[in-house]
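Here is the file final05.cif (mmCIF, C-alpha atoms).
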```cif
data_structure
loop_
_atom_site.label_atom_id
_atom_site.label_comp_id
_atom_site.auth_asym_id
_atom_site.auth_seq_id
_atom_site.Cartn_x
_atom_site.Cartn_y
_atom_site.Cartn_z
CA MET Y 1 0.00 0.00 0.00
CA ASN Y 2 1.28 3.44 -0.89
CA LEU Y 3 2.26 5.23 2.32
CA LEU Y 4 1.09 8.53 0.85
CA LEU Y 5 -2.47 7.24 1.07
CA LEU Y 6 -2.28 6.72 4.81
CA ASP Y 7 -3.49 9.19 7.37
CA PRO Y 8 -0.45 10.32 9.47
CA PHE Y 9 -2.66 10.63 12.56
CA ALA Y 10 -3.75 7.02 12.16
CA LEU Y 11 -0.13 5.93 11.87
CA SER Y 12 0.65 7.59 15.20
CA GLN Y 13 -1.81 5.34 17.07
CA GLU Y 14 0.25 3.09 19.27
CA TYR Y 15 -2.11 0.25 20.13
CA PRO Y 16 -4.62 -1.65 17.97
CA GLU Y 17 -8.37 -1.49 18.40
CA ASN Y 18 -10.11 -3.44 15.63
CA LEU Y 19 -10.21 -7.15 14.80
CA THR Y 20 -9.04 -7.23 11.18
CA HIS Y 21 -8.17 -10.87 10.38
CA THR Y 22 -8.61 -14.44 11.58
CA LEU Y 23 -6.29 -17.29 10.61
CA ASN Y 24 -7.68 -20.80 10.61
CA TYR Y 25 -5.28 -23.66 10.02
CA GLY Y 26 -5.56 -26.36 12.67
CA HIS Y 27 -5.87 -25.79 16.40
CA SER Y 28 -3.16 -23.32 17.44
CA THR Y 29 -1.64 -23.63 20.94
CA CYS Y 30 1.17 -21.02 20.77
CA ILE Y 31 2.42 -18.31 18.40
CA LYS Y 32 5.58 -16.28 17.89
CA PHE Y 33 6.65 -13.43 15.58
CA ASN Y 34 10.13 -13.26 14.08
CA ARG Y 35 12.26 -10.13 14.74
CA LYS Y 36 11.07 -8.32 11.63
CA GLY Y 37 7.43 -9.17 12.22
CA ASP Y 38 6.75 -10.40 8.67
CA TYR Y 39 6.37 -14.06 9.70
CA LEU Y 40 4.29 -15.63 12.46
CA ALA Y 41 4.94 -19.20 13.62
CA SER Y 42 2.03 -21.18 15.05
CA GLY Y 43 2.31 -24.47 16.94
CA LEU Y 44 -0.68 -26.78 16.61
CA ILE Y 45 -2.27 -29.29 18.94
CA ASP Y 46 -1.31 -32.20 16.64
CA GLY Y 47 2.39 -31.22 16.70
CA THR Y 48 2.49 -29.42 13.33
CA VAL Y 49 4.18 -26.01 13.05
CA ILE Y 50 2.74 -23.48 10.59
CA VAL Y 51 4.62 -20.37 9.43
CA PHE Y 52 2.37 -17.57 8.14
CA ASP Y 53 3.55 -14.78 5.85
CA PHE Y 54 2.02 -11.69 7.46
CA GLU Y 55 2.35 -9.60 4.32
CA THR Y 56 -0.15 -11.81 2.50
CA TYR Y 57 -1.59 -13.81 5.43
CA GLY Y 58 -0.72 -16.94 3.46
CA ILE Y 59 1.14 -20.08 4.57
CA ALA Y 60 4.91 -20.02 3.97
CA ARG Y 61 5.84 -23.36 5.60
CA VAL Y 62 4.19 -26.46 7.05
CA LEU Y 63 6.57 -28.32 9.38
CA ARG Y 64 5.76 -31.81 10.65
CA GLY Y 65 7.90 -33.61 13.21
CA HIS Y 66 6.22 -33.54 16.63
CA THR Y 67 3.62 -36.06 17.75
CA ARG Y 68 2.11 -34.09 20.64
CA PRO Y 69 0.96 -30.45 21.10
CA VAL Y 70 3.61 -27.78 20.54
CA GLN Y 71 4.56 -26.03 23.79
CA SER Y 72 6.74 -23.10 22.70
CA LEU Y 73 8.41 -21.47 19.67
CA SER Y 74 11.59 -19.41 19.32
CA TRP Y 75 13.13 -17.70 16.26
CA SER Y 76 16.80 -17.21 15.48
CA ARG Y 77 18.01 -13.64 15.08
CA ASP Y 78 18.13 -13.75 11.27
CA GLY Y 79 14.75 -15.50 10.98
CA ARG Y 80 16.09 -18.56 9.16
CA TYR Y 81 15.84 -21.05 12.04
CA LEU Y 82 12.89 -21.87 14.26
CA LEU Y 83 13.01 -23.88 17.50
CA SER Y 84 9.88 -25.74 18.61
CA SER Y 85 9.34 -27.66 21.85
CA SER Y 86 6.53 -30.14 22.38
CA ARG Y 87 4.87 -32.37 24.94
CA ASP Y 88 6.50 -35.34 23.18
CA TRP Y 89 9.63 -34.35 25.16
CA LYS Y 90 11.47 -33.18 22.03
CA CYS Y 91 12.90 -29.92 20.75
CA ILE Y 92 13.34 -29.54 16.99
CA LEU Y 93 15.41 -26.87 15.25
CA TRP Y 94 13.96 -26.20 11.78
CA ASP Y 95 15.81 -24.74 8.80
CA LEU Y 96 13.15 -22.66 7.05
CA LYS Y 97 15.16 -22.48 3.83
CA ASP Y 98 13.80 -25.89 2.86
CA GLY Y 99 11.72 -26.88 5.91
CA SER Y 100 14.18 -29.56 7.05
CA ARG Y 101 15.18 -30.48 10.58
CA GLU Y 102 18.53 -29.06 11.53
CA LYS Y 103 18.57 -30.81 14.91
CA THR Y 104 16.31 -32.91 17.16
CA VAL Y 105 17.02 -33.09 20.90
CA ARG Y 106 15.16 -35.47 23.21
CA PHE Y 107 14.80 -35.00 26.96
CA GLU Y 108 13.87 -37.32 29.81
CA SER Y 109 11.10 -35.07 31.03
CA ALA Y 110 8.25 -32.89 29.75
CA ILE Y 111 9.23 -29.43 28.53
CA TRP Y 112 7.79 -26.17 29.86
CA GLY Y 113 9.43 -24.14 27.12
CA ALA Y 114 12.66 -23.57 25.17
CA GLU Y 115 14.39 -20.48 23.76
CA LEU Y 116 17.26 -19.99 21.33
CA HIS Y 117 20.36 -17.97 22.18
CA PRO Y 118 19.93 -14.50 20.61
CA PHE Y 119 23.21 -14.74 18.62
CA ASN Y 120 23.79 -18.50 18.23
CA HIS Y 121 21.02 -20.72 16.86
CA GLN Y 122 22.96 -23.83 17.92
CA VAL Y 123 22.52 -23.03 21.62
CA PHE Y 124 19.22 -23.02 23.49
CA ILE Y 125 17.86 -23.19 27.04
CA ALA Y 126 15.00 -25.52 28.05
CA ALA Y 127 12.92 -25.47 31.24
CA LEU Y 128 11.82 -29.01 32.15
CA LEU Y 129 8.96 -30.29 34.28
CA ASP Y 130 10.69 -32.87 36.46
CA ASP Y 131 14.31 -32.03 35.80
CA ALA Y 132 16.80 -29.17 36.13
CA PRO Y 133 16.84 -26.48 33.43
CA THR Y 134 19.17 -27.54 30.64
CA LEU Y 135 21.44 -25.56 28.34
CA VAL Y 136 21.91 -27.44 25.07
CA ASP Y 137 24.93 -26.69 22.87
CA PHE Y 138 25.68 -28.45 19.55
CA SER Y 139 27.94 -25.80 18.01
CA ASP Y 140 30.79 -28.26 17.45
CA GLY Y 141 28.58 -31.05 16.08
CA THR Y 142 28.25 -32.87 19.41
CA THR Y 143 25.10 -32.39 21.49
CA ARG Y 144 26.04 -31.37 25.02
CA LYS Y 145 23.45 -30.91 27.76
CA HIS Y 146 24.45 -28.78 30.74
CA LEU Y 147 22.21 -29.03 33.80
CA LEU Y 148 21.68 -25.74 35.63
CA SER Y 149 20.79 -25.24 39.26
CA SER Y 150 17.33 -24.20 40.40
CA THR Y 151 18.46 -23.49 43.95
CA PRO Y 152 18.74 -19.77 44.79
CA LEU Y 153 21.98 -18.35 46.07
CA GLN Y 154 22.13 -17.81 49.82
CA LYS Y 155 23.03 -14.27 50.87
CA ASP Y 156 25.52 -13.65 53.64
CA ASP Y 157 22.80 -12.54 56.03
CA GLU Y 158 20.63 -15.51 55.08
CA GLU Y 159 23.11 -18.33 55.66
CA GLU Y 160 21.57 -21.69 56.45
CA ASP Y 161 21.63 -22.90 60.00
CA GLU Y 162 24.74 -24.97 60.64
CA ASP Y 163 22.67 -27.37 62.74
CA GLU Y 164 20.39 -28.14 59.76
CA ASP Y 165 21.21 -31.62 58.48
CA ASP Y 166 21.95 -32.50 54.85
CA ASP Y 167 18.54 -34.16 54.43
CA GLY Y 168 16.83 -30.91 55.36
CA ARG Y 169 18.85 -28.97 52.78
CA GLU Y 170 18.11 -31.54 50.09
CA ARG Y 171 14.39 -31.40 50.82
CA LYS Y 172 14.48 -27.59 50.54
CA GLN Y 173 16.26 -27.82 47.18
CA ASP Y 174 13.93 -30.50 45.84
CA LYS Y 175 10.94 -28.23 46.39
CA GLN Y 176 12.47 -25.62 44.08
CA SER Y 177 11.95 -26.14 40.34
CA THR Y 178 12.48 -23.84 37.35
CA LEU Y 179 9.31 -23.11 35.38
CA VAL Y 180 10.64 -20.59 32.85
CA ALA Y 181 14.08 -19.64 31.52
CA THR Y 182 14.99 -16.97 28.97
CA PHE Y 183 18.12 -15.26 27.67
CA THR Y 184 18.81 -11.58 28.10
CA ARG Y 185 18.98 -9.57 24.87
CA SER Y 186 22.76 -9.86 24.80
CA GLY Y 187 22.73 -13.57 25.58
CA GLN Y 188 25.22 -13.04 28.42
CA TYR Y 189 22.83 -14.18 31.16
CA ILE Y 190 19.85 -16.47 31.63
CA PHE Y 191 16.92 -15.30 33.74
CA ALA Y 192 15.15 -18.28 35.32
CA GLY Y 193 11.97 -18.18 37.40
CA THR Y 194 11.20 -20.84 39.99
CA SER Y 195 8.11 -22.35 41.58
CA LYS Y 196 8.84 -20.44 44.82
CA GLY Y 197 9.00 -16.99 43.26
CA TRP Y 198 12.78 -16.73 42.97
CA LEU Y 199 14.57 -15.14 40.04
CA ASN Y 200 17.90 -16.84 39.38
CA VAL Y 201 20.38 -15.08 37.09
CA ILE Y 202 22.78 -17.57 35.49
CA ASP Y 203 25.94 -16.75 33.55
CA SER Y 204 25.55 -18.42 30.14
CA GLU Y 205 29.30 -19.00 29.84
CA THR Y 206 30.24 -20.29 33.28
CA LEU Y 207 26.74 -21.78 33.89
CA GLN Y 208 26.91 -20.55 37.49
CA THR Y 209 24.15 -18.69 39.32
CA VAL Y 210 25.48 -15.17 39.94
CA ARG Y 211 22.43 -13.56 41.53
CA SER Y 212 19.13 -14.64 43.12
CA GLU Y 213 16.25 -12.35 44.00
CA LYS Y 214 12.98 -13.17 45.76
CA LEU Y 215 10.27 -11.49 43.65
CA THR Y 216 7.12 -13.16 44.94
CA THR Y 217 5.89 -16.14 46.94
CA ALA Y 218 3.98 -17.66 43.99
CA ASN Y 219 5.01 -19.50 40.83
CA ILE Y 220 6.75 -17.44 38.17
CA LYS Y 221 5.03 -18.38 34.91
CA HIS Y 222 6.55 -15.97 32.38
CA ILE Y 223 9.61 -13.75 32.00
CA CYS Y 224 9.54 -11.39 29.04
CA PHE Y 225 12.10 -8.78 27.94
CA SER Y 226 11.27 -5.68 25.94
CA ILE Y 227 12.79 -5.42 22.46
CA SER Y 228 15.39 -2.94 23.72
CA GLY Y 229 16.13 -5.16 26.73
CA LYS Y 230 15.84 -2.22 29.14
CA GLN Y 231 12.86 -3.68 31.00
CA PHE Y 232 11.41 -7.10 31.72
CA LEU Y 233 8.07 -8.49 32.87
CA VAL Y 234 7.39 -11.21 35.42
CA ASN Y 235 3.99 -12.93 35.38
CA SER Y 236 3.26 -15.00 38.48
CA SER Y 237 0.32 -17.02 39.73
CA ASP Y 238 -0.50 -14.44 42.43
CA ARG Y 239 -2.53 -12.53 39.78
CA THR Y 240 0.10 -9.78 39.47
CA ILE Y 241 2.33 -8.77 36.57
CA ARG Y 242 5.50 -7.00 37.70
CA LEU Y 243 7.57 -4.62 35.59
CA TYR Y 244 11.29 -4.22 36.36
CA ASN Y 245 14.11 -2.15 34.95
CA THR Y 246 16.86 -4.42 33.67
CA PRO Y 247 20.07 -3.75 35.63
CA ASP Y 248 23.32 -2.85 33.91
CA LEU Y 249 24.45 -6.37 33.03
CA THR Y 250 27.74 -5.42 31.39
CA TYR Y 251 29.82 -3.25 33.70
CA VAL Y 252 28.27 -3.79 37.13
CA ASP Y 253 29.01 -6.76 39.36
CA PRO Y 254 25.91 -8.97 39.81
CA VAL Y 255 26.04 -8.44 43.56
CA ASP Y 256 25.51 -4.70 43.02
CA TRP Y 257 22.59 -5.02 40.60
CA ASP Y 258 19.49 -3.02 41.46
CA ILE Y 259 16.42 -5.09 40.63
CA ASP Y 260 13.72 -2.63 41.63
CA ILE Y 261 10.08 -2.95 40.68
CA VAL Y 262 8.63 -0.18 38.49
CA HIS Y 263 4.92 -1.07 38.32
CA ARG Y 264 2.48 -3.78 39.31
CA PHE Y 265 -0.30 -4.56 36.83
CA GLN Y 266 -3.40 -6.33 38.09
CA ASP Y 267 -7.19 -6.31 38.09
CA VAL Y 268 -7.97 -5.50 41.71
CA VAL Y 269 -11.74 -5.83 41.16
CA ASN Y 270 -12.06 -9.16 39.35
CA ARG Y 271 -8.76 -10.63 40.64
CA LEU Y 272 -7.95 -12.17 37.26
CA GLN Y 273 -5.15 -14.56 36.45
CA TRP Y 274 -3.04 -13.85 33.36
CA ASN Y 275 -2.32 -16.42 30.67
CA SER Y 276 0.32 -14.60 28.66
CA VAL Y 277 2.17 -11.26 28.69
CA ALA Y 278 4.07 -9.24 26.09
CA PHE Y 279 5.63 -5.83 25.41
CA SER Y 280 4.61 -3.53 22.58
CA SER Y 281 6.99 -2.94 19.69
CA ASN Y 282 8.34 0.29 21.23
CA GLY Y 283 8.21 -0.92 24.84
CA ASP Y 284 5.73 1.79 25.88
CA TYR Y 285 2.89 -0.66 26.50
CA VAL Y 286 2.35 -3.99 28.23
CA MET Y 287 -0.46 -6.39 27.36
CA ALA Y 288 -1.82 -9.55 28.95
CA SER Y 289 -4.53 -12.09 28.19
CA THR Y 290 -6.96 -13.15 30.92
CA TYR Y 291 -7.60 -16.61 32.32
CA GLN Y 292 -10.88 -18.58 32.11
CA ASP Y 293 -14.13 -16.55 32.34
CA ALA Y 294 -12.93 -13.20 30.99
CA HIS Y 295 -12.05 -13.11 27.28
CA ASP Y 296 -10.19 -9.82 27.13
CA ILE Y 297 -6.74 -8.46 26.43
CA TYR Y 298 -5.59 -5.71 28.81
CA ILE Y 299 -3.14 -3.01 27.69
CA TRP Y 300 -1.26 -0.78 30.17
CA GLU Y 301 1.23 1.98 29.47
CA THR Y 302 4.58 1.64 31.20
CA THR Y 303 5.25 5.27 32.15
CA VAL Y 304 2.53 5.71 34.78
CA GLY Y 305 1.20 2.15 34.82
CA SER Y 306 -2.39 3.06 33.94
CA LEU Y 307 -4.79 0.88 31.99
CA VAL Y 308 -5.38 2.42 28.55
CA LYS Y 309 -7.33 -0.23 26.62
CA ILE Y 310 -9.27 -3.47 27.05
CA ILE Y 311 -9.61 -5.38 23.80
CA GLU Y 312 -12.71 -7.53 23.77
CA ALA Y 313 -11.74 -10.89 22.36
CA PRO Y 314 -14.17 -13.42 20.82
CA ARG Y 315 -16.04 -15.68 23.18
CA GLU Y 316 -13.18 -17.98 24.02
CA GLU Y 317 -10.23 -17.85 26.37
CA ILE Y 318 -7.06 -16.33 24.90
CA VAL Y 319 -4.06 -18.57 25.52
CA ASP Y 320 -1.14 -16.74 23.92
CA VAL Y 321 -0.68 -13.12 22.76
CA GLN Y 322 2.11 -11.57 20.70
CA TRP Y 323 2.76 -7.98 19.62
CA ASP Y 324 4.29 -7.46 16.19
CA PRO Y 325 7.87 -6.17 16.74
CA ASN Y 326 7.57 -3.42 14.13
CA ARG Y 327 3.88 -2.63 13.68
CA THR Y 328 0.83 -1.75 15.71
CA LEU Y 329 -0.58 -5.25 15.43
CA VAL Y 330 -1.51 -7.90 18.00
CA ALA Y 331 -2.02 -11.61 17.35
CA ALA Y 332 -3.64 -14.02 19.81
CA THR Y 333 -4.73 -17.65 19.78
CA GLY Y 334 -7.93 -19.00 21.33
CA LEU Y 335 -8.26 -22.01 23.61
CA ASP Y 336 -11.48 -23.58 22.32
CA ASN Y 337 -11.12 -23.32 18.54
CA GLY Y 338 -7.41 -22.62 18.21
CA THR Y 339 -8.14 -19.71 15.86
CA ILE Y 340 -5.54 -16.95 15.52
CA TYR Y 341 -7.08 -13.49 15.89
CA VAL Y 342 -5.35 -10.37 14.58
CA TRP Y 343 -6.04 -6.83 15.81
CA ALA Y 344 -4.62 -3.82 13.99
CA THR Y 345 -5.25 -0.16 13.37
CA THR Y 346 -7.50 0.70 10.45
CA THR Y 347 -5.85 3.43 8.38
CA PRO Y 348 -8.21 5.58 6.25
CA GLN Y 349 -6.78 6.44 2.84
CA ARG Y 350 -6.05 9.98 1.69
CA TRP Y 351 -6.68 10.06 -2.06
CA SER Y 352 -5.89 13.76 -2.15
CA ALA Y 353 -2.22 12.81 -1.76
CA LEU Y 354 -2.22 11.50 -5.33
CA ALA Y 355 -4.76 13.94 -6.79
CA PRO Y 356 -4.17 17.45 -5.42
CA ASP Y 357 -7.54 18.65 -6.71
CA PHE Y 358 -9.40 15.77 -5.05
CA VAL Y 359 -11.86 16.94 -2.41
CA GLU Y 360 -13.91 14.74 -0.09
CA VAL Y 361 -17.54 15.84 0.18
CA GLU Y 362 -20.15 14.79 2.70
CA GLU Y 363 -23.03 14.91 0.18
CA ASN Y 364 -23.51 14.93 -3.58
CA VAL Y 365 -22.81 18.20 -5.36
CA GLU Y 366 -23.57 19.22 -8.93
CA TYR Y 367 -20.51 18.89 -11.17
CA GLU Y 368 -19.69 21.74 -13.50
CA GLU Y 369 -18.09 20.59 -16.71
CA ARG Y 370 -15.18 22.58 -18.16
CA GLU Y 371 -15.55 23.81 -21.70
CA ASP Y 372 -12.63 21.77 -23.11
CA GLU Y 373 -12.82 18.82 -20.70
CA PHE Y 374 -14.09 16.29 -23.24
CA ASP Y 375 -12.59 17.75 -26.39
CA ILE Y 376 -10.84 15.26 -28.70
CA ILE Y 377 -7.14 16.11 -28.84
CA PRO Y 378 -4.87 14.56 -31.51
CA ASP Y 379 -2.33 12.00 -30.27
CA GLU Y 380 0.57 14.04 -31.57
CA ILE Y 381 -0.32 16.97 -29.33
CA VAL Y 382 -0.87 14.65 -26.30
CA ASN Y 383 2.55 13.02 -26.79
CA LYS Y 384 4.22 16.40 -27.22
CA ARG Y 385 2.70 17.62 -23.94
CA LYS Y 386 3.94 14.51 -22.12
CA LEU Y 387 7.46 14.96 -23.47
CA ASP Y 388 7.49 18.58 -22.42
CA GLN Y 389 6.45 17.66 -18.88
CA GLU Y 390 9.11 14.96 -18.44
CA ASP Y 391 12.10 15.75 -16.28
CA ASP Y 392 15.47 15.37 -17.94
CA GLY Y 393 17.07 14.20 -14.66
CA GLU Y 394 18.00 10.55 -14.10
CA VAL Y 395 15.61 8.44 -12.07
CA ASP Y 396 17.20 6.14 -9.46
CA VAL Y 397 15.32 2.83 -9.53
CA VAL Y 398 17.98 0.87 -7.61
CA THR Y 399 18.31 2.57 -4.23
CA ILE Y 400 15.67 1.56 -1.70
CA GLU Y 401 14.83 4.31 0.74
CA ARG Y 402 13.79 2.91 4.10
CA VAL Y 403 10.66 4.20 5.71
CA ARG Y 404 10.99 5.81 9.13
CA GLY Y 405 10.50 3.14 11.81
CA GLU Y 406 10.99 0.29 9.35
CA PHE Y 407 13.11 -2.74 10.32
CA SER Y 408 16.67 -1.82 9.29
CA GLU Y 409 18.51 -5.16 9.44
CA GLU Y 410 18.61 -7.71 6.66
CA SER Y 411 16.22 -10.55 7.41
CA PHE Y 412 15.90 -14.02 5.94
CA VAL Y 413 13.14 -14.41 3.36
CA ILE Y 414 11.56 -17.85 3.21
CA PRO Y 415 11.83 -19.10 -0.38
CA VAL Y 416 8.66 -20.23 -2.12
CA ILE Y 417 8.30 -23.98 -2.64
CA LEU Y 418 5.75 -24.85 -5.27
CA ASP Y 419 5.87 -28.62 -4.74
CA GLU Y 420 3.48 -29.47 -1.89
CA GLU Y 421 5.49 -32.56 -0.94
CA GLU Y 422 8.64 -30.48 -0.60
CA GLU Y 423 6.76 -27.90 1.47
CA THR Y 424 6.04 -30.48 4.17
CA PHE Y 425 9.59 -31.90 4.03
CA ASP Y 426 10.27 -34.27 6.91
CA SER Y 427 13.82 -35.52 7.32
CA SER Y 428 15.01 -38.20 9.69
CA ASP Y 429 15.80 -37.40 13.33
CA SER Y 430 19.31 -36.40 14.30
CA ASP Y 431 20.24 -36.62 17.93
#
```
What's the structure tokens form of this structure?
Amino acid sequence: MNLLLLDPFALSQEYPENLTHTLNYGHSTCIKFNRKGDYLASGLIDGTVIVFDFETYGIARVLRGHTRPVQSLSWSRDGRYLLSSSRDWKCILWDLKDGSREKTVRFESAIWGAELHPFNHQVFIAALLDDAPTLVDFSDGTTRKHLLSSTPLQKDDEEEDEDEDDDGRERKQDKQSTLVATFTRSGQYIFAGTSKGWLNVIDSETLQTVRSEKLTTANIKHICFSISGKQFLVNSSDRTIRLYNTPDLTYVDPVDWDIDIVHRFQDVVNRLQWNSVAFSSNGDYVMASTYQDAHDIYIWETTVGSLVKIIEAPREEIVDVQWDPNRTLVAATGLDNGTIYVWATTTPQRWSALAPDFVEVEENVEYEEREDEFDIIPDEIVNKRKLDQEDDGEVDVVTIERVRGEFSEESFVIPVILDEEEETFDSSDSD
């Protein structure tokens, strides 16, 4: 669409309001945008992974390899690789160039979720149900699984009682399990949330816990970083979403980090639980989908912490929500039907941008015809007028001028595969 036709005031709207599209291909359980926002991956209840092209809302890839519902999805930085985790206890790394499996990793326990390293698609972190969180690295061709600790660090003023026996310490550690783990934007640290409300910060190189912070007494269900990495969200089962400023992870010792809460987002009237949370593309807004009876998506702004919008979803519970990284667009998947709903801003067109004499009228007016408007003019005179109006300057048809706010990095474009059998390519497992 020609940007000149768009209303600049409509473009300045920072959160969507209208349901514009629905995507129906199987029963979706989770969704994830790539960094550019032009592709959306959807994990289905039968284990299939669908990749939608959000420029055309068509299907770019159909990936089959899991046998149980897909639990989580994670894109590589360049958008070529996609990691999917499933209830079949497997994680599969897909190469979207041809839809093949780059790597399949099996675990001995169910998977809560998995996420790729932001700068190395051959490294990922997985949070497991009955096992320690695991960092998987196959950069050198050999799959190595590194078990990480879920036990928080003990501060000097919180040392354990010397009289406490070893059995007591083991029982205390066994009660602690990691439910979610995610990389920071730089990939230097891993933020892991436990079932007792602890935030463990783990060095991704040494694999040692460098900082532990008690954020709540309830389960930590989600940890989400803004696109800039300056803030992060913590969604816990105590019906509260907490917003924190990310400490200076580069130059400050972990012991001196200030992990201070900025805002608490909650519905104090209805006391709602939150299924999923996400940041807006610019980090100025936070959104969350509600649990069970309510079918709404709440949007708060991060400066003051006030509620600015409640999007009324269709009559089904919203399981997962994602905000397009570069547009004012929200996608969400429903629990009952597995339909993907898309909300966006509707931008009225300004035809006067192309026709300076175009005027919009509220009612019909009588048109006054010019005296020479429909006169027949010889082709020679018409061609001469066109030649006189042409500019002698050279026209640059090679340089692409980027639009303000447009994604500036080169991103992988999924090639079109016309053969349907190739499109659902399914290679053998590789452990």
Check your understanding: Near region 318-324 of chain Y, counting all atoms listed in the file, which residues have an atom at most 10 Å away, once you skip same-chain residues fewer than 5 positions from it, shown as a ChimeraX atom specification?
Key -> /Y:15-16,28-40,54,274-281,286-292,294-297,313,329-336,338-344
Point to revise | Residue contacts of region 72-84 of chain Y (9 Å, all atoms listed in the file) excluding same-chain residues fewer than 5 positions away, as a ChimeraX atom specification | key: /Y:29-36,39,41-43,49,66,90-97,102,111-121,124,409-414
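In this structure, CA of Ser195 (chain Y) sits 28.2 Å away from CA of Thr143 (chain Y).
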Exercise for review: Measuring atom to atom with all atoms listed in the file, identify which of Y:Trp198, Y:Tyr251, Y:Trp257, Y:Tyr298 is nearest to Thr217 (chain Y).
Suggested key: Y:Trp198
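You will find CA of Val123 (chain Y) at 14.3 Å from CA of Arg185 (chain Y).
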Exercise for review: Using the chain letters and numbers from the file, give me the residues hit by the PyMOL selection byres ((chain Y and resi 86-88) around 6), as a VMD selection string.
Suggested key: chain Y and resid 68 to 71 85 89 to 90 110
Exercise for review: Check what the PyMOL selection byres ((chain Y and resi 132) around 7) selects in the file above and give those residues as a VMD selection string.
Suggested key: chain Y and resid 128 131 133 to 134 147 to 150 178
Centre, edges in Å (one decimal): axis-aligned box, region 18-26 of chain Y, 3 Å padding on all six sides, as lines of an AutoDock Vina configuration file:
```
center_x = -7.7
center_y = -14.9
center_z = 12.8
size_x = 10.9
size_y = 28.9
size_z = 11.6
```
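If you look at CA of Ser212 (chain Y) and CA of Asn200 (chain Y), they are 4.5 Å away from each other.
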Check your understanding: Which protein, DNA or RNA residues have an atom at most 9 Å from (21.2, -20.0, 43.4), counting all atoms listed in the file? List them as a ChimeraX atom specification.
Key -> /Y:149-154,199-202,208-212
Review point. Could you write out as number ranges by chain the residues that the PyMOL selection byres ((chain Y and resi 262) around 8) matches in the shown file?
Key: Y: 242-245, 260-261, 263-264
Pick out the residues sitting within 8 Å of Thr302 (chain Y), and hand them over as a compact mmCIF listing (two decimals) with C-alpha atoms, keeping the file's coordinate frame; count all atoms listed in the file, and ignore anything fewer than 2 positions along from it in its own chain.
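Ended up saving to part-v6.txt:
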```txt
# COMPACT_ATOMS: atom_id res chain seq x y z
CA HIS Y 263 4.92 -1.07 38.32
CA GLY Y 283 8.21 -0.92 24.84
CA ASP Y 284 5.73 1.79 25.88
CA TYR Y 285 2.89 -0.66 26.50
CA VAL Y 286 2.35 -3.99 28.23
CA TRP Y 300 -1.26 -0.78 30.17
CA VAL Y 304 2.53 5.71 34.78
CA GLY Y 305 1.20 2.15 34.82
CA SER Y 306 -2.39 3.06 33.94
```
Practice item. Can you pull out every residue within 12 Å of Gly141 (chain Y), counting all atoms listed in the file, but drop anything in the same chain fewer than 2 positions away, and send it as an NGL selection string? Key: :Y and (102-103 or 122-123 or 136-139 or 143-144 or 430-431)
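Counting all atoms listed in the file, the residue from Y:Glu17, Y:Asp203, Y:Glu380, Y:Asp238 that sits nearest to Thr184 (chain Y) is Y:Asp203.
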Incomplete region 318-325 of chain Y brought to N, CA, C and O atoms, written out as a PDB file, keeping the file's coordinate frame:
```
ATOM      1  N   ILE Y 318      -8.268 -16.609  25.672  1.00  0.00           N
ATOM      2  CA  ILE Y 318      -7.060 -16.330  24.900  1.00  0.00           C
ATOM      3  C   ILE Y 318      -5.864 -16.952  25.619  1.00  0.00           C
ATOM      4  O   ILE Y 318      -5.581 -16.637  26.769  1.00  0.00           O
ATOM      5  N   VAL Y 319      -5.169 -17.829  24.906  1.00  0.00           N
ATOM      6  CA  VAL Y 319      -4.060 -18.570  25.520  1.00  0.00           C
ATOM      7  C   VAL Y 319      -2.741 -17.816  25.387  1.00  0.00           C
ATOM      8  O   VAL Y 319      -2.003 -17.646  26.353  1.00  0.00           O
ATOM      9  N   ASP Y 320      -2.436 -17.368  24.174  1.00  0.00           N
ATOM     10  CA  ASP Y 320      -1.140 -16.740  23.920  1.00  0.00           C
ATOM     11  C   ASP Y 320      -1.353 -15.447  23.135  1.00  0.00           C
ATOM     12  O   ASP Y 320      -2.206 -15.383  22.243  1.00  0.00           O
ATOM     13  N   VAL Y 321      -0.606 -14.401  23.469  1.00  0.00           N
ATOM     14  CA  VAL Y 321      -0.680 -13.120  22.760  1.00  0.00           C
ATOM     15  C   VAL Y 321       0.732 -12.694  22.372  1.00  0.00           C
ATOM     16  O   VAL Y 321       1.695 -12.918  23.110  1.00  0.00           O
ATOM     17  N   GLN Y 322       0.838 -12.081  21.188  1.00  0.00           N
ATOM     18  CA  GLN Y 322       2.110 -11.570  20.700  1.00  0.00           C
ATOM     19  C   GLN Y 322       1.880 -10.232  20.021  1.00  0.00           C
ATOM     20  O   GLN Y 322       0.887 -10.044  19.322  1.00  0.00           O
ATOM     21  N   TRP Y 323       2.816  -9.302  20.255  1.00  0.00           N
ATOM     22  CA  TRP Y 323       2.760  -7.980  19.620  1.00  0.00           C
ATOM     23  C   TRP Y 323       3.791  -7.941  18.512  1.00  0.00           C
ATOM     24  O   TRP Y 323       4.951  -8.291  18.719  1.00  0.00           O
ATOM     25  N   ASP Y 324       3.368  -7.542  17.313  1.00  0.00           N
ATOM     26  CA  ASP Y 324       4.290  -7.460  16.190  1.00  0.00           C
ATOM     27  C   ASP Y 324       5.456  -6.545  16.545  1.00  0.00           C
ATOM     28  O   ASP Y 324       5.243  -5.427  17.025  1.00  0.00           O
ATOM     29  N   PRO Y 325       6.708  -6.972  16.318  1.00  0.00           N
ATOM     30  CA  PRO Y 325       7.870  -6.170  16.740  1.00  0.00           C
ATOM     31  C   PRO Y 325       8.016  -4.838  16.033  1.00  0.00           C
ATOM     32  O   PRO Y 325       8.724  -3.965  16.517  1.00  0.00           O
TER      33      PRO Y 325
END
```
